[in-house]
Amino acid sequence: MVGRPRRVNITSFQPRHIPFESSSFIRVMGEPWSDIVAHLRSQRLLAPQSLQDRLLNLADPKSVIEAAGALNLSGGMLTASMLDEMIAHAGGVGGQGPAPTAVNDVIAQPAEDLARTIAPLAEPEPVDLLLRNNLPDWSDADFSMHASDAASDITVHYDITGNSTTEGKMTDITACFNDRLQSIRKLIIQNSNLPRKHQEISRLLAEYSRYQGYDNKAVAIGLVNEPRYTKNGHLMWGLEDETGEMTCLLTKRSGEDRDRAHEQILEAGLMPDDVMGVSGTFSQTGDVFYVDDLHFPLETKHQKVSADAGVSVAFLSDIHVGSKTFLEAQWHKMVRWFHTDPLAKTIKYLILSGDCVDGVGIYPGQDKELAIPDLFAQYSEFARLLELLPEWVECLMLPGNHDAVRPAEPQPTFEKDIQQDYNTTTFVGNPCDFSLHGVRLLSYHGKSIDDFVAGLRTVTYADPVEAMREMLRRRHLAPQWGGKTPLSPEPEDGLVIREVPDIFVTGHVHGHECLDFRGTTLVCSSTWQDQTSYQRMLGFQPKPCMLTIINLKSHKSISIPFA
């Protein structure tokens, strides 16, 4: 048990019995591990094994751990960089104690001195059982209902399955972009504080001389075309609607003219095919439109809906069954947790956001990294793994870029011959807009995160949630045509976020995060695959085996580690 001191027989104590990496029981100062765990629990933090020695050697661990609250670091897995910040914030009062005593130094001491430095023989105080085997603590009031006591309540608002009508013709592409422009234009008018009514670009160009004074701004809404930076660091792009196109320029400002919102856009950039509004004035010749303000379609704050039933929903993605790096032992560890932990009994739904199998022929040389080389055998094995979960858990599964569906998004769901092995699973397309007990969820595998990383300078794979924020700001999941994400030109653009969700979940990048953004809970679902050879080459470290759980009534969230 973590926190239980080791009993040592001094007379028979031999150097070879002490592993050099284990210094917690020859510590001279600090608090017992059970007390440190209690401090961590108060901040809703988990500490990995790699940080145990550092925490044990803190002179005042309580002060250091309490600094997490002041730094807004509470909740989740503690990292080395977080611990460094907490120690610095504590002002040295909780700084590191002396280094652990070397083994040879301990052996050289008299037996009676050694007995005083090794953990005492007395039984420690019992670890609080609410910690549940050192997993994050939770309140019964926040997770208030057993899943078996609630009837299933799933309402699908949008799913491309059975509704795809495109033939891939130019008329389909035109219809798709027209629908995108018209839909998001309405949202910009509804949610943005436009200084005046927008006008068609062709009319503005014809009357540009009217809009050259500071008090007579013009407003236009259109699609972004070829965003680029000038040599002076200004941002330039074309803005296009159904009637024409004009050149827009957002300049860097200094002094009193600086604007934080403008600086953020200049820092990040724009995505090709974004729909946005601009207000400003024309140059003397009318060939450049100087942008004073930009207008996006997301409202300032979304009000979450709370379910009447206090059941919970859990999130996973990128299981990659069939790969040699699929973490099967950790899967069975999670299954045992589902059958034994009180929190698991509140989980009514499990959302699986794509790439549940590794697939076949997805990338060159994949066959060398497959433990199950047959595609249908991969799906059958995943069905078997889902059958191990308790009967009260209902799964909702959508495809990703590794699955046996068309690559173009939006993606219809799996064929019937794949679905036949699954008993308690609802199959939907990618993305899917649906409600659970009235709470609106948007689940998207997240392939377009690759485009956001390539297109916006502030989005990285280390922080994929920033891409999710940008999707919500734009009210579109994959704006760029012809990028890394193949798109299907449906007459109705299925990737427009027509209703702001209460919970927005993605996967794809093998990260993990759960946080709030303007009233929407963002979930970057964890993977169940270890680091691949490609990730190792890139120096990317995934965050596997984290089960994110959100209660539909309280909207409280918790993440359970199984790695």
# chains A, B, ... in the order shown; residues from 1 in each chain; ligands from 1
>>> residues_around(residues="stretch 535-552 of chain A", least_positions_apart="3", cutoff="8 Å", atoms="only C-alpha atoms", output="ChimeraX atom specification")
/A:142-143,306-307,309-316,330-331,347,436-437,439,509-512,514,523,525-532,555-563
>>> residues_around(residues="A:Asp355", least_positions_apart="2", cutoff="10 Å", atoms="only C-alpha atoms", output="JSON list (two decimals) with N, CA and C atoms, in the first residue's frame")
[["chain", "number", "residue", "atom", "x", "y", "z"],
["A", 317, "SER", "N", -10.93, 7.62, -26.61],
["A", 317, "SER", "CA", -10.71, 7.71, -28.05],
["A", 317, "SER", "C", -9.42, 6.98, -28.39],
["A", 318, "ASP", "N", -9.25, 6.67, -29.67],
["A", 318, "ASP", "CA", -7.97, 6.15, -30.16],
["A", 318, "ASP", "C", -7.50, 4.95, -29.35],
["A", 319, "ILE", "N", -8.35, 3.92, -29.30],
["A", 319, "ILE", "CA", -8.00, 2.69, -28.59],
["A", 319, "ILE", "C", -6.93, 1.92, -29.38],
["A", 320, "HIS", "N", -7.08, 1.89, -30.69],
["A", 320, "HIS", "CA", -6.12, 1.27, -31.61],
["A", 320, "HIS", "C", -5.91, -0.22, -31.32],
["A", 321, "VAL", "N", -7.02, -0.94, -31.13],
["A", 321, "VAL", "CA", -6.95, -2.39, -30.99],
["A", 321, "VAL", "C", -6.40, -2.98, -32.29],
["A", 352, "LEU", "N", -16.97, 6.80, -27.50],
["A", 352, "LEU", "CA", -15.74, 6.33, -28.15],
["A", 352, "LEU", "C", -15.56, 7.15, -29.43],
["A", 353, "SER", "N", -14.63, 8.12, -29.38],
["A", 353, "SER", "CA", -14.54, 9.13, -30.44],
["A", 353, "SER", "C", -13.56, 8.77, -31.56],
["A", 357, "VAL", "N", -9.97, 0.88, -33.59],
["A", 357, "VAL", "CA", -9.02, -0.13, -34.07],
["A", 357, "VAL", "C", -7.92, 0.58, -34.84],
["A", 358, "ASP", "N", -6.80, -0.12, -35.06],
["A", 358, "ASP", "CA", -5.66, 0.50, -35.74],
["A", 358, "ASP", "C", -5.84, 0.51, -37.25],
["A", 359, "GLY", "N", -6.70, -0.40, -37.76],
["A", 359, "GLY", "CA", -6.92, -0.44, -39.20],
["A", 359, "GLY", "C", -5.81, -1.18, -39.93],
["A", 397, "MET", "N", -20.32, 4.92, -30.44],
["A", 397, "MET", "CA", -19.06, 4.77, -31.17],
["A", 397, "MET", "C", -19.13, 5.46, -32.53],
["A", 398, "LEU", "N", -18.15, 6.31, -32.81],
["A", 398, "LEU", "CA", -18.06, 6.96, -34.11],
["A", 398, "LEU", "C", -16.71, 6.68, -34.74],
["A", 399, "PRO", "N", -16.59, 6.83, -36.05],
["A", 399, "PRO", "CA", -15.33, 6.48, -36.73],
["A", 399, "PRO", "C", -14.29, 7.59, -36.67],
["A", 400, "GLY", "N", -13.05, 7.22, -36.99],
["A", 400, "GLY", "CA", -11.95, 8.16, -37.13],
["A", 400, "GLY", "C", -11.19, 7.85, -38.42],
["A", 401, "ASN", "N", -10.02, 8.44, -38.56],
["A", 401, "ASN", "CA", -9.27, 8.28, -39.81],
["A", 401, "ASN", "C", -8.61, 6.91, -39.94],
["A", 402, "HIS", "N", -8.58, 6.08, -38.88],
["A", 402, "HIS", "CA", -8.05, 4.72, -38.98],
["A", 402, "HIS", "C", -9.15, 3.69, -39.25],
["A", 403, "ASP", "N", -10.41, 4.13, -39.28],
["A", 403, "ASP", "CA", -11.52, 3.18, -39.35],
["A", 403, "ASP", "C", -11.92, 2.87, -40.79],
["A", 404, "ALA", "N", -12.71, 1.81, -40.93],
["A", 404, "ALA", "CA", -13.13, 1.30, -42.24],
["A", 404, "ALA", "C", -14.35, 2.07, -42.74],
["A", 445, "HIS", "N", -13.99, 13.25, -34.09],
["A", 445, "HIS", "CA", -12.71, 12.57, -33.91],
["A", 445, "HIS", "C", -11.55, 13.55, -33.83],
["A", 507, "GLY", "N", -10.65, 13.63, -30.16],
["A", 507, "GLY", "CA", -9.56, 12.69, -29.85],
["A", 507, "GLY", "C", -8.41, 12.96, -30.80],
["A", 508, "HIS", "N", -7.97, 11.92, -31.49],
["A", 508, "HIS", "CA", -7.02, 11.95, -32.60],
["A", 508, "HIS", "C", -5.57, 12.20, -32.20],
["A", 527, "THR", "N", -5.99, 8.43, -25.21],
["A", 527, "THR", "CA", -5.77, 7.24, -26.03],
["A", 527, "THR", "C", -5.56, 6.01, -25.15]]
>>> residues_around(residues="A:Ser323", least_positions_apart="4", cutoff="7 Å", atoms="only C-alpha atoms", output="MDAnalysis selection string")
chainID A and resid 358 369:372
>>> write_last_selection(atoms="all heavy atoms", output="PDB file, in the first residue's frame")
ATOM      1  N   ASP A 358      -6.799  -0.119 -35.062  1.00  0.00           N
ATOM      2  CA  ASP A 358      -5.659   0.497 -35.744  1.00  0.00           C
ATOM      3  C   ASP A 358      -5.836   0.512 -37.252  1.00  0.00           C
ATOM      4  O   ASP A 358      -5.212   1.301 -37.949  1.00  0.00           O
ATOM      5  CB  ASP A 358      -4.368  -0.234 -35.370  1.00  0.00           C
ATOM      6  CG  ASP A 358      -3.147   0.650 -35.544  1.00  0.00           C
ATOM      7  OD1 ASP A 358      -3.162   1.790 -35.043  1.00  0.00           O
ATOM      8  OD2 ASP A 358      -2.183   0.215 -36.193  1.00  0.00           O
ATOM      9  N   GLU A 369       3.709  -3.259 -37.565  1.00  0.00           N
ATOM     10  CA  GLU A 369       3.358  -2.805 -36.220  1.00  0.00           C
ATOM     11  C   GLU A 369       2.010  -3.341 -35.758  1.00  0.00           C
ATOM     12  O   GLU A 369       1.474  -2.886 -34.753  1.00  0.00           O
ATOM     13  CB  GLU A 369       3.358  -1.272 -36.178  1.00  0.00           C
ATOM     14  CG  GLU A 369       4.706  -0.667 -36.547  1.00  0.00           C
ATOM     15  CD  GLU A 369       4.731   0.846 -36.433  1.00  0.00           C
ATOM     16  OE1 GLU A 369       3.687   1.434 -36.085  1.00  0.00           O
ATOM     17  OE2 GLU A 369       5.796   1.438 -36.690  1.00  0.00           O
ATOM     18  N   LEU A 370       1.463  -4.318 -36.491  1.00  0.00           N
ATOM     19  CA  LEU A 370       0.156  -4.867 -36.155  1.00  0.00           C
ATOM     20  C   LEU A 370       0.276  -6.199 -35.427  1.00  0.00           C
ATOM     21  O   LEU A 370       1.008  -7.091 -35.861  1.00  0.00           O
ATOM     22  CB  LEU A 370      -0.689  -5.060 -37.421  1.00  0.00           C
ATOM     23  CG  LEU A 370      -1.175  -3.795 -38.131  1.00  0.00           C
ATOM     24  CD1 LEU A 370      -1.919  -4.164 -39.409  1.00  0.00           C
ATOM     25  CD2 LEU A 370      -2.059  -2.963 -37.217  1.00  0.00           C
ATOM     26  N   ALA A 371      -0.454  -6.319 -34.331  1.00  0.00           N
ATOM     27  CA  ALA A 371      -0.582  -7.604 -33.652  1.00  0.00           C
ATOM     28  C   ALA A 371      -1.726  -8.413 -34.248  1.00  0.00           C
ATOM     29  O   ALA A 371      -1.730  -9.644 -34.191  1.00  0.00           O
ATOM     30  CB  ALA A 371      -0.827  -7.382 -32.155  1.00  0.00           C
ATOM     31  N   ILE A 372      -2.729  -7.724 -34.817  1.00  0.00           N
ATOM     32  CA  ILE A 372      -3.855  -8.367 -35.498  1.00  0.00           C
ATOM     33  C   ILE A 372      -3.897  -7.800 -36.917  1.00  0.00           C
ATOM     34  O   ILE A 372      -4.362  -6.676 -37.130  1.00  0.00           O
ATOM     35  CB  ILE A 372      -5.190  -8.101 -34.771  1.00  0.00           C
ATOM     36  CG1 ILE A 372      -5.111  -8.551 -33.309  1.00  0.00           C
ATOM     37  CG2 ILE A 372      -6.342  -8.813 -35.481  1.00  0.00           C
ATOM     38  CD1 ILE A 372      -6.355  -8.215 -32.495  1.00  0.00           C
TER      39      ILE A 372
END
>>> residues_around(residues="stretch 423-427 of chain A", least_positions_apart="2", cutoff="6 Å", atoms="only C-alpha atoms", output="mmCIF file with all heavy atoms, in the first residue's frame")
data_model
loop_
_atom_site.group_PDB
_atom_site.id
_atom_site.type_symbol
_atom_site.label_atom_id
_atom_site.label_comp_id
_atom_site.auth_asym_id
_atom_site.auth_seq_id
_atom_site.Cartn_x
_atom_site.Cartn_y
_atom_site.Cartn_z
ATOM 1 N N GLU A 394 -23.646 1.909 -21.630
ATOM 2 C CA GLU A 394 -24.024 1.939 -23.031
ATOM 3 C C GLU A 394 -22.963 2.710 -23.821
ATOM 4 O O GLU A 394 -22.590 3.818 -23.432
ATOM 5 C CB GLU A 394 -25.384 2.611 -23.213
ATOM 6 C CG GLU A 394 -26.512 1.891 -22.508
ATOM 7 C CD GLU A 394 -27.854 2.533 -22.788
ATOM 8 O OE1 GLU A 394 -28.020 3.095 -23.893
ATOM 9 O OE2 GLU A 394 -28.727 2.475 -21.912
ATOM 10 N N CYS A 395 -22.502 2.129 -24.900
ATOM 11 C CA CYS A 395 -21.427 2.739 -25.689
ATOM 12 C C CYS A 395 -22.002 3.458 -26.910
ATOM 13 O O CYS A 395 -22.976 2.998 -27.512
ATOM 14 C CB CYS A 395 -20.428 1.679 -26.148
ATOM 15 S SG CYS A 395 -19.589 0.821 -24.789
ATOM 16 N N LEU A 396 -21.384 4.574 -27.245
ATOM 17 C CA LEU A 396 -21.695 5.299 -28.467
ATOM 18 C C LEU A 396 -20.381 5.453 -29.229
ATOM 19 O O LEU A 396 -19.435 6.035 -28.719
ATOM 20 C CB LEU A 396 -22.327 6.654 -28.148
ATOM 21 C CG LEU A 396 -22.901 7.433 -29.334
ATOM 22 C CD1 LEU A 396 -24.158 8.190 -28.908
ATOM 23 C CD2 LEU A 396 -21.884 8.416 -29.900
ATOM 24 N N MET A 397 -20.324 4.919 -30.444
ATOM 25 C CA MET A 397 -19.057 4.774 -31.167
ATOM 26 C C MET A 397 -19.128 5.465 -32.528
ATOM 27 O O MET A 397 -20.075 5.258 -33.286
ATOM 28 C CB MET A 397 -18.758 3.280 -31.335
ATOM 29 C CG MET A 397 -17.481 2.923 -32.052
ATOM 30 S SD MET A 397 -17.247 1.124 -31.947
ATOM 31 C CE MET A 397 -16.002 0.860 -33.208
#
>>> closest_residue(among="A:Glu490, A:Asp241, A:Pro272, A:Ser254", to="A:Glu226", atoms="only C-alpha atoms")
A:Pro272
>>> closest_residue(among="A:Lys197, A:Thr155, A:Asn232, A:Val453", to="A:Asn216", atoms="only C-alpha atoms")
A:Lys197
>>> select_by_dssp(residues="stretch 213-430 of chain A", states="alpha helix (DSSP H)", output="PyMOL selection string")
chain A and resi 260-268+328-340+375-387+416-419
>>> select_by_dssp(residues="stretch 415-494 of chain A", states="strand (DSSP E or B)", output="PyMOL selection string")
chain A and resi 425-427+430+432-436+439-443+460+463+476+487
>>> write_last_selection(atoms="N, CA, C and O atoms", output="PDB file, in the first residue's frame")
ATOM      1  N   THR A 425     -24.016  -1.177 -28.245  1.00  0.00           N
ATOM      2  CA  THR A 425     -23.304  -0.033 -28.822  1.00  0.00           C
ATOM      3  C   THR A 425     -24.194   0.673 -29.839  1.00  0.00           C
ATOM      4  O   THR A 425     -24.804   0.038 -30.700  1.00  0.00           O
ATOM      5  N   THR A 426     -24.274   2.002 -29.735  1.00  0.00           N
ATOM      6  CA  THR A 426     -24.954   2.828 -30.715  1.00  0.00           C
ATOM      7  C   THR A 426     -23.909   3.379 -31.674  1.00  0.00           C
ATOM      8  O   THR A 426     -22.918   3.981 -31.246  1.00  0.00           O
ATOM      9  N   PHE A 427     -24.103   3.166 -32.970  1.00  0.00           N
ATOM     10  CA  PHE A 427     -23.134   3.602 -33.986  1.00  0.00           C
ATOM     11  C   PHE A 427     -23.628   4.887 -34.647  1.00  0.00           C
ATOM     12  O   PHE A 427     -24.784   4.964 -35.085  1.00  0.00           O
ATOM     13  N   ASN A 430     -19.244  10.627 -37.916  1.00  0.00           N
ATOM     14  CA  ASN A 430     -18.259  11.581 -37.392  1.00  0.00           C
ATOM     15  C   ASN A 430     -18.299  12.853 -38.237  1.00  0.00           C
ATOM     16  O   ASN A 430     -18.026  12.801 -39.439  1.00  0.00           O
ATOM     17  N   CYS A 432     -20.822  13.868 -34.685  1.00  0.00           N
ATOM     18  CA  CYS A 432     -22.203  13.607 -34.295  1.00  0.00           C
ATOM     19  C   CYS A 432     -22.619  14.632 -33.243  1.00  0.00           C
ATOM     20  O   CYS A 432     -21.908  14.850 -32.255  1.00  0.00           O
ATOM     21  N   ASP A 433     -23.770  15.253 -33.474  1.00  0.00           N
ATOM     22  CA  ASP A 433     -24.371  16.209 -32.548  1.00  0.00           C
ATOM     23  C   ASP A 433     -25.567  15.500 -31.906  1.00  0.00           C
ATOM     24  O   ASP A 433     -26.517  15.119 -32.605  1.00  0.00           O
ATOM     25  N   PHE A 434     -25.521  15.288 -30.611  1.00  0.00           N
ATOM     26  CA  PHE A 434     -26.565  14.507 -29.948  1.00  0.00           C
ATOM     27  C   PHE A 434     -26.764  15.010 -28.518  1.00  0.00           C
ATOM     28  O   PHE A 434     -25.969  15.809 -28.007  1.00  0.00           O
ATOM     29  N   SER A 435     -27.829  14.551 -27.898  1.00  0.00           N
ATOM     30  CA  SER A 435     -28.126  14.919 -26.510  1.00  0.00           C
ATOM     31  C   SER A 435     -28.270  13.664 -25.666  1.00  0.00           C
ATOM     32  O   SER A 435     -28.796  12.643 -26.127  1.00  0.00           O
ATOM     33  N   LEU A 436     -27.786  13.739 -24.434  1.00  0.00           N
ATOM     34  CA  LEU A 436     -27.985  12.710 -23.420  1.00  0.00           C
ATOM     35  C   LEU A 436     -28.767  13.349 -22.293  1.00  0.00           C
ATOM     36  O   LEU A 436     -28.281  14.264 -21.627  1.00  0.00           O
ATOM     37  N   VAL A 439     -28.744  17.101 -22.256  1.00  0.00           N
ATOM     38  CA  VAL A 439     -27.444  17.769 -22.306  1.00  0.00           C
ATOM     39  C   VAL A 439     -26.856  17.568 -23.700  1.00  0.00           C
ATOM     40  O   VAL A 439     -26.704  16.431 -24.162  1.00  0.00           O
ATOM     41  N   ARG A 440     -26.504  18.660 -24.363  1.00  0.00           N
ATOM     42  CA  ARG A 440     -26.059  18.589 -25.757  1.00  0.00           C
ATOM     43  C   ARG A 440     -24.565  18.308 -25.830  1.00  0.00           C
ATOM     44  O   ARG A 440     -23.756  18.994 -25.191  1.00  0.00           O
ATOM     45  N   LEU A 441     -24.197  17.309 -26.630  1.00  0.00           N
ATOM     46  CA  LEU A 441     -22.800  16.936 -26.832  1.00  0.00           C
ATOM     47  C   LEU A 441     -22.467  16.987 -28.318  1.00  0.00           C
ATOM     48  O   LEU A 441     -23.296  16.657 -29.169  1.00  0.00           O
ATOM     49  N   LEU A 442     -21.257  17.393 -28.610  1.00  0.00           N
ATOM     50  CA  LEU A 442     -20.716  17.342 -29.961  1.00  0.00           C
ATOM     51  C   LEU A 442     -19.457  16.490 -29.906  1.00  0.00           C
ATOM     52  O   LEU A 442     -18.482  16.856 -29.246  1.00  0.00           O
ATOM     53  N   SER A 443     -19.502  15.346 -30.573  1.00  0.00           N
ATOM     54  CA  SER A 443     -18.347  14.441 -30.592  1.00  0.00           C
ATOM     55  C   SER A 443     -17.756  14.431 -31.999  1.00  0.00           C
ATOM     56  O   SER A 443     -18.464  14.212 -32.984  1.00  0.00           O
ATOM     57  N   THR A 460      -0.656  23.895 -31.059  1.00  0.00           N
ATOM     58  CA  THR A 460       0.376  22.856 -31.108  1.00  0.00           C
ATOM     59  C   THR A 460      -0.234  21.520 -30.702  1.00  0.00           C
ATOM     60  O   THR A 460      -1.286  21.465 -30.077  1.00  0.00           O
ATOM     61  N   ASP A 463      -0.801  21.181 -27.021  1.00  0.00           N
ATOM     62  CA  ASP A 463      -1.974  21.822 -26.441  1.00  0.00           C
ATOM     63  C   ASP A 463      -3.115  21.763 -27.452  1.00  0.00           C
ATOM     64  O   ASP A 463      -3.548  22.783 -27.990  1.00  0.00           O
ATOM     65  N   HIS A 476     -16.975  26.135 -36.685  1.00  0.00           N
ATOM     66  CA  HIS A 476     -16.736  25.179 -37.760  1.00  0.00           C
ATOM     67  C   HIS A 476     -15.624  24.226 -37.351  1.00  0.00           C
ATOM     68  O   HIS A 476     -14.606  24.634 -36.794  1.00  0.00           O
ATOM     69  N   LEU A 487     -12.487  16.540 -47.163  1.00  0.00           N
ATOM     70  CA  LEU A 487     -13.846  16.982 -46.870  1.00  0.00           C
ATOM     71  C   LEU A 487     -14.801  16.537 -47.972  1.00  0.00           C
ATOM     72  O   LEU A 487     -14.440  16.511 -49.150  1.00  0.00           O
TER      73      LEU A 487
END
>>> closest_residue(among="A:Glu240, A:Asp159, A:Glu267, A:Asp287", to="A:Ser209", atoms="only C-alpha atoms")
A:Asp287
>>> residues_around(residues="A:Met276", least_positions_apart="4", cutoff="6 Å", atoms="only C-alpha atoms", output="list in words")
Ile221, Gly222, His295 and Phe296 of chain A
>>> write_last_selection(atoms="all heavy atoms", output="CSV table (one decimal), in the first residue's frame")
chain,number,residue,atom,x,y,z
A,221,ILE,N,-19.0,40.5,-44.5
A,221,ILE,CA,-18.9,39.2,-43.9
A,221,ILE,C,-18.6,38.2,-45.1
A,221,ILE,O,-19.3,38.3,-46.1
A,221,ILE,CB,-20.1,38.7,-43.2
A,221,ILE,CG1,-20.5,39.6,-42.0
A,221,ILE,CG2,-20.0,37.3,-42.7
A,221,ILE,CD1,-21.8,39.3,-41.3
A,222,GLY,N,-17.5,37.4,-45.0
A,222,GLY,CA,-17.2,36.6,-46.1
A,222,GLY,C,-16.2,35.5,-45.7
A,222,GLY,O,-15.9,35.3,-44.5
A,295,HIS,N,-15.0,40.1,-36.5
A,295,HIS,CA,-16.2,39.6,-35.8
A,295,HIS,C,-16.3,38.1,-36.1
A,295,HIS,O,-16.4,37.7,-37.2
A,295,HIS,CB,-17.4,40.4,-36.3
A,295,HIS,CG,-17.2,41.9,-36.2
A,295,HIS,ND1,-17.5,42.6,-35.0
A,295,HIS,CD2,-16.8,42.8,-37.1
A,295,HIS,CE1,-17.2,43.9,-35.2
A,295,HIS,NE2,-16.8,44.0,-36.5
A,296,PHE,N,-16.4,37.3,-35.0
A,296,PHE,CA,-16.5,35.9,-35.1
A,296,PHE,C,-17.9,35.5,-34.5
A,296,PHE,O,-18.6,36.2,-33.8
A,296,PHE,CB,-15.4,35.2,-34.3
A,296,PHE,CG,-14.0,35.3,-34.9
A,296,PHE,CD1,-13.2,36.4,-34.6
A,296,PHE,CD2,-13.6,34.4,-35.8
A,296,PHE,CE1,-11.9,36.5,-35.1
A,296,PHE,CE2,-12.4,34.5,-36.4
A,296,PHE,CZ,-11.5,35.6,-36.1
>>> atom_distance(atom1="atom CA of A:Thr506", atom2="atom CA of A:Gln49")
28.4 Å
>>> atom_distance(atom1="atom CA of A:Asp374", atom2="atom CA of A:Gly162")
26.9 Å
>>> residues_around(residues="stretch 182-185 of chain A", least_positions_apart="5", cutoff="12 Å", atoms="only C-alpha atoms", output="ChimeraX atom specification")
/A:175-177,190-192,194,197-200,220-223,241-242,273-278,295-298,472-476,479,492-499
>>> closest_residue(among="A:Arg406, A:Ala344, A:Lys324, A:Gly483", to="A:Gln378", atoms="only C-alpha atoms")
A:Lys324
>>> closest_residue(among="A:Phe338, A:Val500, A:Gly322, A:Lys252", to="A:Val360", atoms="only C-alpha atoms")
A:Gly322
>>> residues_around(residues="A:Arg41", least_positions_apart="3", cutoff="8 Å", atoms="only C-alpha atoms", output="ChimeraX atom specification")
/A:37-38,44-46,131,136-137
>>> write_last_selection(atoms="N, CA, C and O atoms", output="short mmCIF file (atom, residue, chain, number, x, y, z; two decimals), in the first residue's frame")
data_model
loop_
_atom_site.label_atom_id
_atom_site.label_comp_id
_atom_site.auth_asym_id
_atom_site.auth_seq_id
_atom_site.Cartn_x
_atom_site.Cartn_y
_atom_site.Cartn_z
N VAL A 37 -0.08 12.58 0.31
CA VAL A 37 -1.20 12.17 -0.53
C VAL A 37 -2.47 12.91 -0.13
O VAL A 37 -3.26 13.36 -0.97
N ALA A 38 -2.66 13.09 1.18
CA ALA A 38 -3.84 13.82 1.66
C ALA A 38 -3.80 15.28 1.20
O ALA A 38 -4.82 15.85 0.79
N ARG A 44 -7.02 18.09 -5.48
CA ARG A 44 -7.47 17.23 -6.59
C ARG A 44 -6.32 16.93 -7.55
O ARG A 44 -6.45 16.99 -8.77
N LEU A 45 -5.16 16.61 -6.97
CA LEU A 45 -3.97 16.32 -7.76
C LEU A 45 -3.56 14.87 -7.59
O LEU A 45 -3.75 14.27 -6.51
N LEU A 46 -2.97 14.30 -8.63
CA LEU A 46 -2.34 12.98 -8.60
C LEU A 46 -0.85 13.15 -8.85
O LEU A 46 -0.45 14.00 -9.66
N LEU A 131 -10.17 8.25 -0.84
CA LEU A 131 -9.20 8.42 -1.92
C LEU A 131 -9.30 7.29 -2.93
O LEU A 131 -8.92 7.43 -4.08
N PRO A 136 -8.43 10.03 -7.79
CA PRO A 136 -8.98 11.33 -7.38
C PRO A 136 -10.26 11.18 -6.57
O PRO A 136 -11.08 10.30 -6.81
N ASP A 137 -10.43 12.05 -5.59
CA ASP A 137 -11.59 12.02 -4.73
C ASP A 137 -12.79 12.62 -5.44
O ASP A 137 -12.64 13.41 -6.38
#
